[in-house]
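Participant: First the structure, then my questions, so here it is.
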Amino acid sequence: MTVPSHLSSAAESPVTLEVIKGALRAAQAEMSAVLDRTAMSPFIREKKDYFIGFFDEVGGLIHGAGLPLMGNIIKPVLDRFPIETMRPGDIYWYNDCYGSKGAVSHTPDQVIIAPVIVDGRVRAFSQSWAHFNDIGGLRPGTLSPDADNIFQEGTIVPPIKLLDRGTQNDDAVAIFVANSRYPDMVRGDLRALIAAVRLGARRLGELFDRYNDATILWALDQSKRQSAELTRTRIAELLKPGKYSFVDRVDSDGHGNGPFDVAFDLTVDGNGGLSLDASRSSDQAPGPINFLMPPTVPGMSLGLYATRNDPTLLVNEGMINTIEEITLRSGSVLQPNYPAPLGLRGTTFVKVQQAVLGLVNAATDGQGPAASNAYSLYYMRGKGPDGSPFLLTDGVAVGYGARPTADGIDAVYFIAQENYPVEFVEMGFPIRILTYSLNIDSGGPGRWRGGTGVIREIEVMADQTLCSVRIEGTINPPWGVSDGRAGRPGRIFVNYGKADQRSLPPVKDGIVLNRGDILRMETGGGGGWGNPFDRPAEVVLDDVLNGMVSMPAARDDYGVVIDEALLSIDVVATEALRATRAERVLFHYGRQ
Amino acid sequence: MSPPSETRTLSVAIDVGGTFTDVVLVDRTTGQSWKAKTPTTPPNFETGFITGINKALALAGRPPSDVAQVAHATTVATNAILEMRGAPAALLTTKGFRHVLEIGRHDIPRKANLYSWVKPKRPIPAHRIFEIDERLDVSGQVLRPVDEDVVRQAAKAIDAQGIVAVAVCFLHAFANASHEQRVRDILLEVNPAFMVSLSSEVLPVYREFERTMATILNAYVMPLVSSYVSKLGSELSSNGIDAPLLLMKSSGGVTGAASIRKAPIQTALSGPAAGIVGAVYEAGLAEFDNFITVDIGGTSADICLVQNGRPGVTTKSAVGEWPMTLPMVDIHTIGAGGGSIARLSEAGTLTVGPESAGALPGPVSYGRGGTEPTVTDAHLVLGHLPQRLLAGEMKIDVESARRAIEDKVARPLGMSVYEAATGILDVLNNNMLGAIRVVSVERGLDPRGFALLPFGGAGPLHGGDLARLIGSTTVIVPPSPGVLSAMGLTVSSLRNEFARTLLQDLNALDVSAVEGAFEEMQAQALSWLAEEQVPEGGQSIEWEAALRYRHQGFELSVPWGDQTVSDQSAGSLAERFHRLHEQLYSFAQEDTPIEMVTLRVTAIGKLAAPKRTRLAAGKRAAETIIGRQEMYVNGQIVSSPIYDRSQLAEGEVVEGPAILQQLDATTLLKPGERATVHPFGSLIVNIPNAAPELPNKQA
């Protein structure tokens, strides 16, 4: 397209900057649409477990997404392929966690990168990673709590050139596909990722054509500066100089070990400079909850929290680099040594986010949000009615932490990740869902209530299935803050309420379920914020009527007495119960 | 209905907008038309409705008995949903699934910040959701029969609360409607006045959250829409109009009032859809069939792509916070309009919209208390609008607008007022460019091959700039851009859609099951056409199948050419699907099996289009200049003539800079742009220096 005269004359103006930012957002949305609509792994197409980002020529983030799981994702490719050798039509691929120093954090996430080449020179990169259903490994679905080293977690791909000037390395793809139990899906997902990343490269190329290079580079620089300055201001408003500490805990590694501490010691100096020491965190785990954490993760978490009400900022380098100095201890759960398993790093990643919020609360006397739960999952593998193998990887929502201004989110999994509709899973898998509801009383009581988890009951309709399950926060549930109470932990049962009822450990693989067995996942809620006695009684009544809070809990947790016949508030009894309250606590851990 | 008579030749169309009700009256035999505008009269919209009709009839000098058809676009359902003002409604659902609505799809929207996002409150709280013991399996087989006692208890409890709107949504009801139907029978035994919505009728398509949402929204708006429609009916007959009332549906066709009372949710995009129908009609007269429409109002802009004379229809849409998976004209809406507020964020970012000053307080220049600079203020400061609006009815305060832009945008950014005003429009135009890309590039289509058709009061001010941005060479400004929706109503066809989820492997089609589903829908379609009294010559029926590669989660609709079911038809469907996938996403996967998910049948009843006459004799362009005004363009102040568009004769040419004024809209031509008056009244604007080849940057 030509440069509209009224735009070129105003090059390097705030208007051009907004136009370029808008173009980056639009390109990202287009890439998402291609992935959503064409990918095959339910992980990608329904759960949207993918990330799309644009990077500059040295690998700095130009625009990403609000997912604080970001390492230096371009560098592993640049280290192996000198930038001057890159040609139009080249596409690179890797999933090697240790080789990329955690830029990709577990092996099922395939990273695909295309350089944006303008006038023979690499100017930027279009990148996406997405979580593939099965890339080999110990068990169907690749990830298993049973893994004790990274070789059990799927085929490792170091940075390679997947397409050379438009021609695909079919041999490499063939090797990878042959190592999957679901080769059709792997093939389809790779095609979808390549199409999306190419599209992004094309859109970025068009942007460079529309403006001159200097204008674009100026705009990218400005946008970084905008994000950096506002993020710094917001953090300075949040954190006064001082030393703050917070420890959150992962219950278990699935191998009977735990808990594992995620321990942060933050120093805010007189100029507002931040340094974070995570070395008090526990030693690495034998099981796969280790998180090979890129040092940018806690800072990005803090940046996203601090700018939560500033939607015009791009998520870029400026928002991420909020902490100047990070100390990680090699051999710890946040910096495990090769070849420790990493498959379930999501649990620890969620705890890192909560620990950052814990620091915010420690520094503000409880003016931050309460803790959220880590998402839950179950896998089911077996043979369908026609004898072909099936693999169901079903994410189950949890409750998020309450905030000083709002309840925690009920029944939520993660950003942009959608559930499998009951009618979808029953159409495609030999199972039947019997219950899908909110988990009553799981939200941490508070002036603002923690979000509730859910209950999902799954009846097995196949002869024999091998299952794995994963819920977090059963021993160390999400903490409440400012007098709010911790969220209530989840539980897992087989054949709940029947003669052969049994409960399952929270993190476990190798569970055999037969036809007619019913798996019941009850997930935990988020922490509450503020004293529950301050929650208006009529809001508590609403919660009771709507199935979020039981009548006994209304009385015991909230001091609200409800007349069972009239379904109305007993004002006198409520006032009496609420007359005395315990001394305020900053954090309520609710450890079991 | 009265017998046809020779003078019963009038069609009347009424588009009720937020501020004004537009009425277009057309004599279908002569093509003569009359337009009337009257204030909208909330909450009694029927008052403005009938006042407008009478005003138009008086203009035409014709009696009410000459009206043969009344067509109407309504925002009653839309507003009830957007403003959460629907009736209290109840839902009966399968035992174990009371919280399906509350859980939703368990996601936080991708664009949201997880720390600040709050889950929107549902239209029906969980305490008005009743669980019924019953269960179907995925193929529709009964696992547990309906526990009728529980249904009766629920019905009585609902009745006791004085609720009349009741939705029923059971798992897998798309495969077997009998449980929902039985429950309706019981509900009506308990209270015959219950207004019952069944998911198997509203949207018999899989995915329970989306189907439940469509069904409860249907119930939620039904009492309002139903009473509105019956009020319209009685107003019409008490005013001597004995003609069928047709309502515009979101899918871009009209249907009788009786159908809408059963499925009011189908009017969720009634007004915007009517605009698209009008655009297709006017563009057709001007001999364009590939174009992108941009309807710019006060608070939002609706963008739609029309290819080969047909707008896209989507089943992945949204109304407010809620997903809407019923067929709707594929309109992309963004919060950008004349009233959108320009603002600087703390980070120094210039944003325009989605916040709007609306009609009140309105733009600063309207002097009704607005203090935030808006898009309209930017146009005024730049001299794009005549300084008198609505034939002098409203006083315009350009100086205040200038001051607001200076204080709130120009000075903080270190720009001149003109640069700041231009910047406000640039940001807005680029927001719209993003939306145009969504409807074009994301559909695998290059927008440069499309003309741009702006409408709505503010649309023709942006046509030229938008065409330049997308690289298009032509802008079509319809004769009455401000009342195009009403125009569309007079030329619309009847339309109804039927759908069934039926999962099939395309390589091993169960021919009889597919035939059975199509036959059933075909029968429904034919009986609907008969109900609407469409003569056989005007009937047409189309079949479609929604397909995907195995393991994908998103389907593409492919026309089912010859309407027979066989292995051959499967083969040609597959071929069409591969090509469409390739066009949209740049690759096909011929090595991968294809699944068929949903079958659709669309019934269309074509109504004879009114005759349209060419423009009456007019004046030469130079003779229609009614004033001049200073305009800021590219760093210069130029003097622009103001033309009275209604006086222009066909074939006249107007060169920019120019302002073409008419009652319902203003068209802006920048220097170099050149408009020719088409014989049927549209302006065909040539946009210079557009559409060079895109450099081939295949990465």
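By order of appearance in the structure tokens: chains A, B, ..., then residues from 1 within every chain, and ligands from 1 in the order shown.
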Find the spatial neighbours of A:Glu46, counting only C-alpha atoms, within a cut-off of 8 Å - ignore same-chain residues fewer than 4 positions away - and output them as a list in words.

Facilitator: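 The residues that qualify are Asp36, Pro42, Gln417, Glu418, Asn419 and Tyr420 of chain A; Gly553 of chain B.
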
Participant: Restricted to C-alpha atoms, what would the selected residues look like written as an mmCIF file, in the first residue's frame?

Facilitator:
```cif
data_model
loop_
_atom_site.group_PDB
_atom_site.id
_atom_site.type_symbol
_atom_site.label_atom_id
_atom_site.label_comp_id
_atom_site.auth_asym_id
_atom_site.auth_seq_id
_atom_site.Cartn_x
_atom_site.Cartn_y
_atom_site.Cartn_z
ATOM 1 C CA ASP A 36 -7.895 -21.454 16.521
ATOM 2 C CA PRO A 42 -7.647 -29.839 21.507
ATOM 3 C CA GLN A 417 -8.193 -21.185 27.446
ATOM 4 C CA GLU A 418 -11.642 -22.666 26.886
ATOM 5 C CA ASN A 419 -13.226 -25.792 28.286
ATOM 6 C CA TYR A 420 -14.370 -28.790 26.261
ATOM 7 C CA GLY B 553 -12.656 -27.585 16.148
#
```

Participant: Do you have, as a tab-separated table, the list of residues of chain B lying at most 6 Å from chain A, each with its nearest atom pair and that distance in Å to one decimal, counting only C-alpha atoms and ordered by chain then number?

Facilitator:
```
residue	atom	partner	partner_atom	distance
B:Gly96	CA	A:Thr435	CA	4.3
B:Phe97	CA	A:Tyr436	CA	5.3
B:His99	CA	A:Ser437	CA	4.9
B:Ile103	CA	A:Ala411	CA	5.5
B:Arg105	CA	A:Glu418	CA	5.0
B:His106	CA	A:Val412	CA	4.5
B:Asp107	CA	A:Glu418	CA	5.1
B:Ile108	CA	A:Ile415	CA	4.6
B:Pro109	CA	A:Ala416	CA	5.0
B:Arg110	CA	A:Ala416	CA	4.5
B:Asn113	CA	A:Arg308	CA	5.7
B:Ser116	CA	A:Arg308	CA	5.8
B:Ala126	CA	A:Asn546	CA	4.7
B:His127	CA	A:Asn546	CA	4.8
B:Arg207	CA	A:Pro421	CA	5.6
B:Ala347	CA	A:Gln226	CA	5.8
B:Gly423	CA	A:Val15	CA	5.6
B:His551	CA	A:Met40	CA	4.7
B:Gln552	CA	A:Met40	CA	4.6
B:Phe554	CA	A:Arg37	CA	5.0
B:Asn634	CA	A:His6	CA	5.8
B:Ala699	CA	A:Gly89	CA	4.5
```

Participant: Which value, in Å to one decimal, gives the distance between atom CA of B:Lys262 and atom CA of B:Thr215?

Facilitator: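 Interatomic distance, atom CA of B:Lys262 to atom CA of B:Thr215: 11.2 Å.
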
Participant: May I have the residues within 10 Å of B:Val16 as a list in words, using only C-alpha atoms and disregarding those fewer than 2 positions away in the same chain?

Facilitator: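 So, after excluding close chain neighbours, the residues are Ala13, Ile14, Gly18, Thr19, Phe20, Thr21, Asp22, Val23, Lys37, Thr38, Pro39, Thr40, Thr41, Phe45, Glu46, Gly48, Phe49, Gly52, His72, Ala73, Thr74, Thr75, Val76, Gly271, Ser485 and Ala486 of chain B.
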
Participant: Only C-alpha atoms, please: the residues just picked out, written as a CSV table (one decimal), in the first residue's frame.

Facilitator:
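So selection_23.csv came out as:
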```
chain,number,residue,atom,x,y,z
B,13,ALA,CA,-40.5,0.4,6.0
B,14,ILE,CA,-39.7,1.7,9.5
B,18,GLY,CA,-31.9,5.6,19.1
B,19,THR,CA,-32.8,9.2,18.3
B,20,PHE,CA,-34.9,9.2,15.1
B,21,THR,CA,-37.4,6.8,13.5
B,22,ASP,CA,-37.0,6.7,9.7
B,23,VAL,CA,-39.8,5.8,7.4
B,37,LYS,CA,-38.3,11.3,9.9
B,38,THR,CA,-39.8,11.6,13.4
B,39,PRO,CA,-38.3,11.4,16.9
B,40,THR,CA,-38.1,8.0,18.5
B,41,THR,CA,-40.5,7.7,21.4
B,45,PHE,CA,-41.7,3.0,20.3
B,46,GLU,CA,-45.0,2.1,18.6
B,48,GLY,CA,-43.2,7.1,16.8
B,49,PHE,CA,-43.6,4.1,14.6
B,52,GLY,CA,-43.9,8.2,11.1
B,72,HIS,CA,-39.6,-3.2,10.3
B,73,ALA,CA,-36.2,-3.3,11.8
B,74,THR,CA,-36.3,-3.3,15.6
B,75,THR,CA,-33.7,-2.8,18.3
B,76,VAL,CA,-36.0,-3.9,21.1
B,271,GLY,CA,-31.2,-2.9,12.2
B,485,SER,CA,-31.7,0.6,6.7
B,486,ALA,CA,-35.2,1.7,6.0
```

Participant: Hey, can you check how far atom CA of A:Ser144 sits from atom CA of A:Leu519?

Facilitator: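 Answer for the atom CA of A:Ser144 to atom CA of A:Leu519 separation: 17.9 Å.
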
Participant: Go through B:Gly312, B:Gly233, B:Pro88, B:Gly651 and flag the residue nearest B:Ala167, using only C-alpha atoms for the distances.

Facilitator: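 Of all the options, B:Pro88 lies closest to B:Ala167.
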
Participant: Excluding stretch 371-380 of chain B and residues on its chain fewer than 2 positions from it, collect all residues at most 8 Å away from it, counting only C-alpha atoms, and give them as a PDB file with C-alpha atoms, in the first residue's frame.

Facilitator:
```
ATOM      1  CA  GLY B 337     -18.358   6.634  15.747  1.00  0.00           C
ATOM      2  CA  GLY B 338     -19.053  10.368  15.505  1.00  0.00           C
ATOM      3  CA  GLY B 339     -19.473  10.658  19.251  1.00  0.00           C
ATOM      4  CA  SER B 340     -16.330   8.686  20.128  1.00  0.00           C
ATOM      5  CA  ILE B 341     -14.177  10.559  22.609  1.00  0.00           C
ATOM      6  CA  ALA B 342     -10.513  11.298  21.922  1.00  0.00           C
ATOM      7  CA  ARG B 343      -8.369  10.992  25.001  1.00  0.00           C
ATOM      8  CA  VAL B 352     -10.437   7.367  20.182  1.00  0.00           C
ATOM      9  CA  SER B 356     -18.718   7.874  23.419  1.00  0.00           C
ATOM     10  CA  ALA B 357     -20.355  11.156  24.284  1.00  0.00           C
ATOM     11  CA  PRO B 363     -19.826  16.566  21.029  1.00  0.00           C
ATOM     12  CA  VAL B 364     -18.422  19.758  22.573  1.00  0.00           C
ATOM     13  CA  SER B 365     -19.569  21.725  19.531  1.00  0.00           C
ATOM     14  CA  GLY B 369     -22.673  20.082  28.042  1.00  0.00           C
ATOM     15  CA  LEU B 382     -11.036  20.689  10.069  1.00  0.00           C
ATOM     16  CA  GLY B 383     -13.935  22.187   8.116  1.00  0.00           C
ATOM     17  CA  HIS B 384     -15.308  18.846   6.926  1.00  0.00           C
ATOM     18  CA  LEU B 385     -18.840  19.621   8.030  1.00  0.00           C
ATOM     19  CA  PRO B 386     -20.997  22.594   7.156  1.00  0.00           C
ATOM     20  CA  GLN B 387     -21.124  24.830  10.176  1.00  0.00           C
ATOM     21  CA  VAL B 398     -16.749  25.364  16.466  1.00  0.00           C
ATOM     22  CA  ALA B 401     -14.536  22.257  19.822  1.00  0.00           C
ATOM     23  CA  ARG B 402     -11.225  23.847  18.836  1.00  0.00           C
ATOM     24  CA  ALA B 404     -11.280  21.257  23.673  1.00  0.00           C
ATOM     25  CA  ILE B 405      -8.981  19.655  21.109  1.00  0.00           C
ATOM     26  CA  LYS B 408      -6.902  17.937  25.776  1.00  0.00           C
ATOM     27  CA  ALA B 421      -7.787  16.908  14.841  1.00  0.00           C
ATOM     28  CA  THR B 422      -6.310  15.114  11.834  1.00  0.00           C
ATOM     29  CA  ILE B 424      -7.956  11.915  15.948  1.00  0.00           C
ATOM     30  CA  LEU B 425      -9.444  10.984  12.584  1.00  0.00           C
TER      31      LEU B 425
END
```

Participant: To one decimal place, how far is atom CA of A:Gly443 from atom CA of B:Gly104 in Å?

Facilitator: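 About the pair atom CA of A:Gly443 and atom CA of B:Gly104: they are 17.7 Å apart.
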
Participant: Leaving out stretch 79-85 of chain B and any residue of its chain fewer than 3 positions from it, which residues lie within 12 Å of it when counting only C-alpha atoms, given as an MDAnalysis selection string?

Facilitator: chainID B and resid 16:18 42:43 74:76 88:89 120:124 213:214 216:225 264:265 267:271 318:324

Participant: Can you tell me which residues surround B:Gln636 at a distance of at most 10 Å, considering only C-alpha atoms, apart from same-chain residues fewer than 5 positions away, and format the answer as a ChimeraX atom specification?

Facilitator: /B:418,630-631

Participant: Please identify the helix (DSSP H, G or I) residues within stretch 311-421 of chain B (assignment by DSSP from backbone atoms) and present them as a ChimeraX atom specification.

Facilitator: /B:364-366,375-382,390-392,398-413,417-421

Participant: Please run DSSP on the backbone and report, as a PyMOL selection string, all residues within stretch 434-493 of chain B that come out as strand (DSSP E or B).

Facilitator: chain B and resi 451-455+474-477
